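Structure below is coords.csv: CSV, C-alpha atoms.
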chain,number,residue,atom,x,y,z
A,101,MET,CA,0.0,0.0,0.0
A,102,ASN,CA,1.5,3.3,-1.1
A,103,THR,CA,1.6,6.6,0.9
A,104,SER,CA,-1.5,8.0,-0.9
A,105,GLU,CA,-3.7,5.0,-0.1
A,106,THR,CA,-2.5,5.0,3.5
A,107,LYS,CA,-3.5,8.7,3.9
A,108,LYS,CA,-6.9,8.0,2.3
A,109,THR,CA,-7.5,5.1,4.7
A,110,PHE,CA,-6.4,7.1,7.7
A,111,TRP,CA,-8.7,10.1,6.8
A,112,SER,CA,-11.6,7.7,6.1
A,113,LEU,CA,-11.2,6.0,9.5
A,114,LEU,CA,-10.8,9.5,11.1
A,115,ARG,CA,-14.1,10.7,9.5
A,116,ALA,CA,-15.9,7.5,10.4
A,117,SER,CA,-14.7,7.7,14.0
A,118,PHE,CA,-15.7,11.4,14.2
A,119,GLY,CA,-19.1,10.6,12.8
A,120,ARG,CA,-19.6,7.8,15.4
A,121,GLY,CA,-18.5,10.2,18.1
A,122,LEU,CA,-21.1,12.8,17.0
A,123,VAL,CA,-23.9,10.2,17.1
A,124,LEU,CA,-23.0,9.4,20.7
A,125,VAL,CA,-22.3,13.0,21.9
A,126,ILE,CA,-25.2,14.9,20.3
A,127,PRO,CA,-28.1,13.0,22.0
A,128,LEU,CA,-26.3,13.3,25.3
A,129,VAL,CA,-25.8,17.1,24.9
A,130,ILE,CA,-29.4,17.6,23.8
A,131,THR,CA,-30.7,15.5,26.7
A,132,TRP,CA,-28.5,17.4,29.2
A,133,TRP,CA,-29.7,20.7,27.7
A,134,ILE,CA,-33.4,19.9,28.0
A,135,LEU,CA,-33.0,18.5,31.5
A,136,ASN,CA,-30.9,21.5,32.6
A,137,PHE,CA,-33.5,23.9,31.1
A,138,LEU,CA,-36.4,22.1,32.9
A,139,PHE,CA,-34.4,22.0,36.2
A,140,THR,CA,-33.5,25.7,36.0
A,141,THR,CA,-37.0,26.7,35.1
A,142,ILE,CA,-38.8,24.7,37.7
A,143,ASP,CA,-36.2,25.4,40.4
A,144,GLY,CA,-36.3,29.1,39.6
A,145,THR,CA,-40.1,29.2,40.2
A,146,MET,CA,-40.0,28.1,43.9
A,147,SER,CA,-36.4,29.0,44.9
A,148,PRO,CA,-37.1,32.7,45.6
A,149,ILE,CA,-39.7,31.8,48.2
A,150,PHE,CA,-37.2,29.5,50.1
A,151,ASP,CA,-34.4,32.1,49.6
A,152,GLN,CA,-36.5,34.6,51.5
A,153,VAL,CA,-37.6,32.2,54.2
A,154,LEU,CA,-34.3,30.5,54.8
A,155,GLY,CA,-32.1,33.5,54.1
A,156,ARG,CA,-29.8,31.5,51.7
A,157,HIS,CA,-30.1,29.7,48.4
A,158,ILE,CA,-30.1,25.9,48.4
A,159,PRO,CA,-29.8,24.6,44.8
A,160,GLY,CA,-32.4,22.0,43.8
A,161,LEU,CA,-34.8,22.7,46.7
A,162,GLY,CA,-37.2,24.5,44.5
A,163,PHE,CA,-37.1,21.7,41.9
A,164,VAL,CA,-37.8,19.0,44.5
A,165,THR,CA,-40.6,21.1,46.0
A,166,MET,CA,-42.2,21.6,42.6
A,167,ILE,CA,-42.0,17.9,41.8
A,168,VAL,CA,-43.6,17.0,45.1
A,169,LEU,CA,-46.4,19.6,44.5
A,170,ILE,CA,-47.1,18.1,41.0
A,171,LEU,CA,-47.2,14.6,42.5
A,172,LEU,CA,-49.6,15.7,45.3
A,173,LEU,CA,-51.8,17.5,42.8
A,174,GLY,CA,-52.0,14.3,40.7
A,175,VAL,CA,-52.9,12.3,43.9
A,176,VAL,CA,-55.5,14.8,45.1
A,177,SER,CA,-57.1,15.0,41.6
A,178,ARG,CA,-58.0,11.3,41.9
A,179,ASN,CA,-60.4,11.7,44.9
A,180,LEU,CA,-63.8,13.4,44.9
A,181,ILE,CA,-62.7,16.6,46.6
A,182,GLY,CA,-59.8,17.0,44.1
A,183,LYS,CA,-62.1,16.5,41.2
A,184,TYR,CA,-64.5,19.1,42.4
A,185,LEU,CA,-61.6,21.5,43.0
A,186,MET,CA,-60.2,21.0,39.5
A,187,ALA,CA,-63.7,21.3,38.0
A,188,GLY,CA,-64.0,24.7,39.7
A,189,ILE,CA,-60.6,25.9,38.5
A,190,GLU,CA,-61.5,24.7,34.9
A,191,ALA,CA,-64.8,26.5,35.1
A,192,LEU,CA,-63.1,29.7,36.2
A,193,ILE,CA,-60.6,29.4,33.3
A,194,GLY,CA,-63.5,28.6,31.0
A,195,ARG,CA,-64.9,32.1,31.6
A,196,LEU,CA,-61.7,33.8,30.2
A,197,PRO,CA,-61.9,33.7,26.4
A,198,LEU,CA,-58.2,33.5,25.6
A,199,ALA,CA,-57.2,31.4,28.6
A,200,ARG,CA,-59.8,28.8,28.0
A,201,THR,CA,-58.6,28.3,24.4
A,202,ILE,CA,-55.0,27.9,25.4
A,203,TYR,CA,-55.8,25.7,28.4
A,204,GLY,CA,-58.2,23.5,26.5
A,205,SER,CA,-55.8,23.0,23.6
A,206,MET,CA,-52.8,22.2,25.8
A,207,LYS,CA,-54.8,19.9,28.1
A,208,ASP,CA,-56.1,17.9,25.1
A,209,MET,CA,-52.6,17.8,23.6
A,210,MET,CA,-51.0,16.6,26.9
A,211,THR,CA,-53.8,14.0,27.3
A,212,SER,CA,-53.0,12.7,23.8
A,213,PHE,CA,-49.4,12.1,24.7
A,214,SER,CA,-50.2,10.5,28.0
A,215,PRO,CA,-49.8,6.7,27.9
A,216,SER,CA,-52.8,6.2,30.2
A,217,SER,CA,-55.1,8.5,28.3
A,218,LYS,CA,-58.5,7.2,27.2
A,219,GLY,CA,-60.8,8.7,24.6
A,220,ARG,CA,-59.1,11.7,23.1
A,221,SER,CA,-55.7,10.4,22.0
A,222,PHE,CA,-53.8,9.3,18.9
A,223,LYS,CA,-55.5,6.3,17.4
A,224,ASP,CA,-53.1,5.2,14.7
A,225,VAL,CA,-49.8,6.0,13.0
A,226,VAL,CA,-50.7,6.8,9.4
A,227,LEU,CA,-49.1,7.5,6.1
A,228,VAL,CA,-50.6,10.3,3.9
A,229,GLU,CA,-49.6,12.2,0.8
A,230,PHE,CA,-48.4,15.6,2.0
A,231,PRO,CA,-47.5,18.4,1.3
A,232,ARG,CA,-48.0,17.4,-2.3
A,233,LYS,CA,-48.8,14.4,-4.4
A,234,GLY,CA,-45.9,12.0,-4.6
A,235,LEU,CA,-44.5,12.9,-1.1
A,236,ALA,CA,-45.4,10.8,1.9
A,237,THR,CA,-45.7,12.1,5.5
A,238,ILE,CA,-46.1,10.2,8.7
A,239,GLY,CA,-48.8,11.5,11.1
A,240,PHE,CA,-51.2,10.4,13.8
A,241,ALA,CA,-54.9,9.9,13.2
A,242,THR,CA,-56.9,11.6,15.9
A,243,ASN,CA,-60.6,11.4,14.8
A,244,LYS,CA,-63.1,10.8,12.0
A,245,ILE,CA,-64.8,13.9,10.6
A,246,VAL,CA,-67.7,14.0,8.2
A,247,ILE,CA,-68.0,17.1,6.0
A,248,GLU,CA,-71.7,17.6,5.4
A,249,ASN,CA,-73.5,19.8,2.8
A,250,ALA,CA,-70.9,18.6,0.3
A,251,GLU,CA,-71.6,16.8,-3.0
A,252,PRO,CA,-71.3,14.1,-1.9
A,253,ALA,CA,-70.7,14.1,1.8
A,254,ARG,CA,-67.1,13.2,2.5
A,255,GLU,CA,-65.6,11.2,5.4
A,256,MET,CA,-62.3,12.7,6.4
A,257,VAL,CA,-59.7,11.6,8.9
A,258,SER,CA,-58.0,14.3,11.0
A,259,VAL,CA,-54.2,13.7,11.0
A,260,TYR,CA,-51.8,15.5,13.4
A,261,ILE,CA,-48.3,16.0,12.1
A,262,PRO,CA,-45.9,16.9,14.9
A,263,ASN,CA,-42.8,19.2,14.4
A,264,PRO,CA,-39.6,17.7,15.8
A,265,PRO,CA,-38.2,18.1,18.4
A,266,ASN,CA,-41.3,19.5,20.1
A,267,PRO,CA,-44.3,17.1,19.6
A,268,THR,CA,-46.8,19.6,21.0
A,269,SER,CA,-46.3,21.9,18.0
A,270,GLY,CA,-47.4,20.7,14.7
A,271,LEU,CA,-49.9,20.8,11.9
A,272,LEU,CA,-53.5,19.4,11.6
A,273,ILE,CA,-54.7,18.2,8.2
A,274,LEU,CA,-57.9,16.6,7.0
A,275,VAL,CA,-57.4,13.6,4.6
A,276,PRO,CA,-60.0,11.7,2.7
A,277,ARG,CA,-60.5,8.4,4.6
A,278,GLU,CA,-59.7,6.3,1.6
A,279,SER,CA,-56.4,8.0,1.2
A,280,VAL,CA,-55.1,7.2,4.7
A,281,GLN,CA,-52.8,4.2,5.1
A,282,VAL,CA,-52.5,2.8,8.6
A,283,LEU,CA,-49.0,1.7,9.5
A,284,ASP,CA,-48.4,-1.5,11.5
A,285,MET,CA,-46.7,0.2,14.5
A,286,SER,CA,-47.7,1.5,17.9
A,287,VAL,CA,-48.1,5.3,18.6
A,288,GLU,CA,-45.0,5.1,20.7
A,289,GLN,CA,-43.0,3.7,17.9
A,290,GLY,CA,-44.4,6.3,15.5
A,291,LEU,CA,-43.4,9.1,17.9
A,292,LYS,CA,-39.8,7.8,18.1
A,293,LEU,CA,-39.6,7.6,14.4
A,294,VAL,CA,-40.9,11.2,13.8
A,295,LEU,CA,-39.1,12.9,16.6
A,296,SER,CA,-35.8,11.3,15.7
A,297,GLY,CA,-36.1,12.7,12.2
A,298,GLY,CA,-36.4,9.1,10.8
A,299,ILE,CA,-33.2,7.9,12.5
A,300,VAL,CA,-34.9,5.4,14.8
A,301,THR,CA,-36.4,3.0,12.3
A,302,THR,CA,-36.0,-0.6,11.0
A,303,GLY,CA,-35.9,0.8,7.5
A,304,THR,CA,-39.2,-0.8,6.6
A,305,LEU,CA,-42.8,0.6,7.0
A,306,ASN,CA,-45.6,-2.0,6.8
A,307,VAL,CA,-49.0,-0.8,5.8
A,308,LYS,CA,-51.7,-2.5,7.8
A,309,GLU,CA,-54.8,-1.2,6.1
A,310,ARG,CA,-56.2,1.7,4.1
A,311,GLY,CA,-59.0,4.0,5.0
A,312,GLU,CA,-59.9,2.5,8.4
A,313,SER,CA,-58.2,4.9,10.7
A,314,GLY,CA,-60.2,7.0,13.1
A,315,SER,CA,-63.2,4.7,12.8
A,316,ASN,CA,-63.7,4.7,16.6
A,317,GLU,CA,-65.4,7.8,17.9
A,318,SER,CA,-63.8,9.5,20.8
Could you rewrite the structure in this file as C-alpha cells?
Amino acid sequence: MNTSETKKTFWSLLRASFGRGLVLVIPLVITWWILNFLFTTIDGTMSPIFDQVLGRHIPGLGFVTMIVLILLLGVVSRNLIGKYLMAGIEALIGRLPLARTIYGSMKDMMTSFSPSSKGRSFKDVVLVEFPRKGLATIGFATNKIVIENAEPAREMVSVYIPNPPNPTSGLLILVPRESVQVLDMSVEQGLKLVLSGGIVTTGTLNVKERGESGSNES
C-alpha cells in the first residue's frame, strides 16, 4: 500500500470515528440541555420563596418542591374533593376567552401524549400524501370527521403531524378516509420515528390497512 492510499485510509477512518462520536455525543448534549432547562425553570419558580424564608439559596430545593407539588396534585385529583376543585378551576378558566382556548388545547394535547389516556388520544400511525402528491408524511390519526353539505358528503380523517423536536407543536390536516394508510406500528414507535427525524427505524414501513383509521369515535 502506497503513501497516498495510506492517507486515504487514515482520513476515512478518522471521519468515520468522528461521525460515530457525534452520534454518541449529540443525543447526550441535547438530553442534558433539555433536563438542565427544565431543572433551571422549575427550580427558579420556587427557589425565591425559600431564599427569603431560609435566608440563603439551596440549589435544587425549589425543583424538589415543585415535583412534590405536582405529585400531590395528581394524587389529590383522583379523589372526589380534588375532582370538584379541578372542575371549579377549569370552570373559572373557561370564563376567560383567551385562557380557555390555550388551556383547553394544551390539556387535550397533553392527554393525547399520556400513555394512560383514554378517549381523546392518537389512534393510529398513518401515512398520507403531504405536502403534495408524490410525497409521503407520517402523522397520527386523531378522529373521523364527516363534511356535510358537500356533494357528496365526505368522510375525512384528522391527522396531526408533529414538528420535531417539540411534539406539542405541529400541523393538523384533513385527509379523505380512503387516502389514509395505517401503518403497522404503535403510537410510541411512531413518535420515536418522527421525533428522531427518521433515524430510529427498522428501514421498513408496513402498511396494515387503508382508510380504516379514526373509525372509533372518541
Any chance you could work out the axis-aligned box around stretch 221-231 of chain A, listed atoms only, 6 Å on each side, giving centre and edge lengths in Å to one decimal, as AutoDock Vina command-line options?
--center_x -51.6 --center_y 11.8 --center_z 11.4 --size_x 20.2 --size_y 25.2 --size_z 33.2
> What gap, in Å, lies between atom CA of A:Lys292 and atom CA of A:Met256?
Replying inline: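 These two atoms are separated by 25.8 Å.
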Go through stretch 159-253 of chain A and flag each residue having an atom no more than 12 Å from stretch 124-144 of chain A; for those, report the closest pair of atoms plus their distance in Å to one decimal, using all atoms listed in the file, ordered by chain and rising number, as CSV.
residue,atom,partner,partner_atom,distance
A:Pro159,CA,A:Asp143,CA,7.8
A:Gly160,CA,A:Asp143,CA,6.1
A:Leu161,CA,A:Asp143,CA,7.0
A:Gly162,CA,A:Asp143,CA,4.3
A:Phe163,CA,A:Asp143,CA,4.1
A:Val164,CA,A:Asp143,CA,7.8
A:Thr165,CA,A:Asp143,CA,8.3
A:Met166,CA,A:Ile142,CA,6.7
A:Ile167,CA,A:Ile142,CA,8.6
A:Val168,CA,A:Ile142,CA,11.7
A:Leu169,CA,A:Ile142,CA,11.4
A:Ile170,CA,A:Ile142,CA,11.1
Using only C-alpha atoms, please write the residues we just selected to a file, as a tab-separated table (two decimals), in the coordinates of the input.
chain	number	residue	atom	x	y	z
A	159	PRO	CA	-29.80	24.60	44.80
A	160	GLY	CA	-32.40	22.00	43.80
A	161	LEU	CA	-34.80	22.70	46.70
A	162	GLY	CA	-37.20	24.50	44.50
A	163	PHE	CA	-37.10	21.70	41.90
A	164	VAL	CA	-37.80	19.00	44.50
A	165	THR	CA	-40.60	21.10	46.00
A	166	MET	CA	-42.20	21.60	42.60
A	167	ILE	CA	-42.00	17.90	41.80
A	168	VAL	CA	-43.60	17.00	45.10
A	169	LEU	CA	-46.40	19.60	44.50
A	170	ILE	CA	-47.10	18.10	41.00
> Which of these, A:Thr242, A:Ser296, A:Asn306, A:Ser258, has the shortest distance to A:Pro276 once you count only C-alpha atoms?
Replying inline: A:Ser258
> Could you name the residues that touch A:Ile245 at 9 Å or less, counting all atoms listed in the file, but leaving out those on the same chain fewer than 4 positions away, as a PyMOL selection string?
Replying inline: chain A and resi 254-258+274+314
Please produce a file of the residues just selected, as a tab-separated table (two decimals), in the coordinates of the input, where the atoms kept are C-alpha atoms.
chain	number	residue	atom	x	y	z
A	254	ARG	CA	-67.10	13.20	2.50
A	255	GLU	CA	-65.60	11.20	5.40
A	256	MET	CA	-62.30	12.70	6.40
A	257	VAL	CA	-59.70	11.60	8.90
A	258	SER	CA	-58.00	14.30	11.00
A	274	LEU	CA	-57.90	16.60	7.00
A	314	GLY	CA	-60.20	7.00	13.10
> Can you list, as a list in words, every protein, DNA or RNA residue that comes within 7 Å of A:Gly270 when you count only C-alpha atoms, leaving out same-chain residues fewer than 5 positions away?
Replying inline: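 Within the cut-off, the hits are Tyr260, Ile261, Pro262 and Asn263 of chain A.
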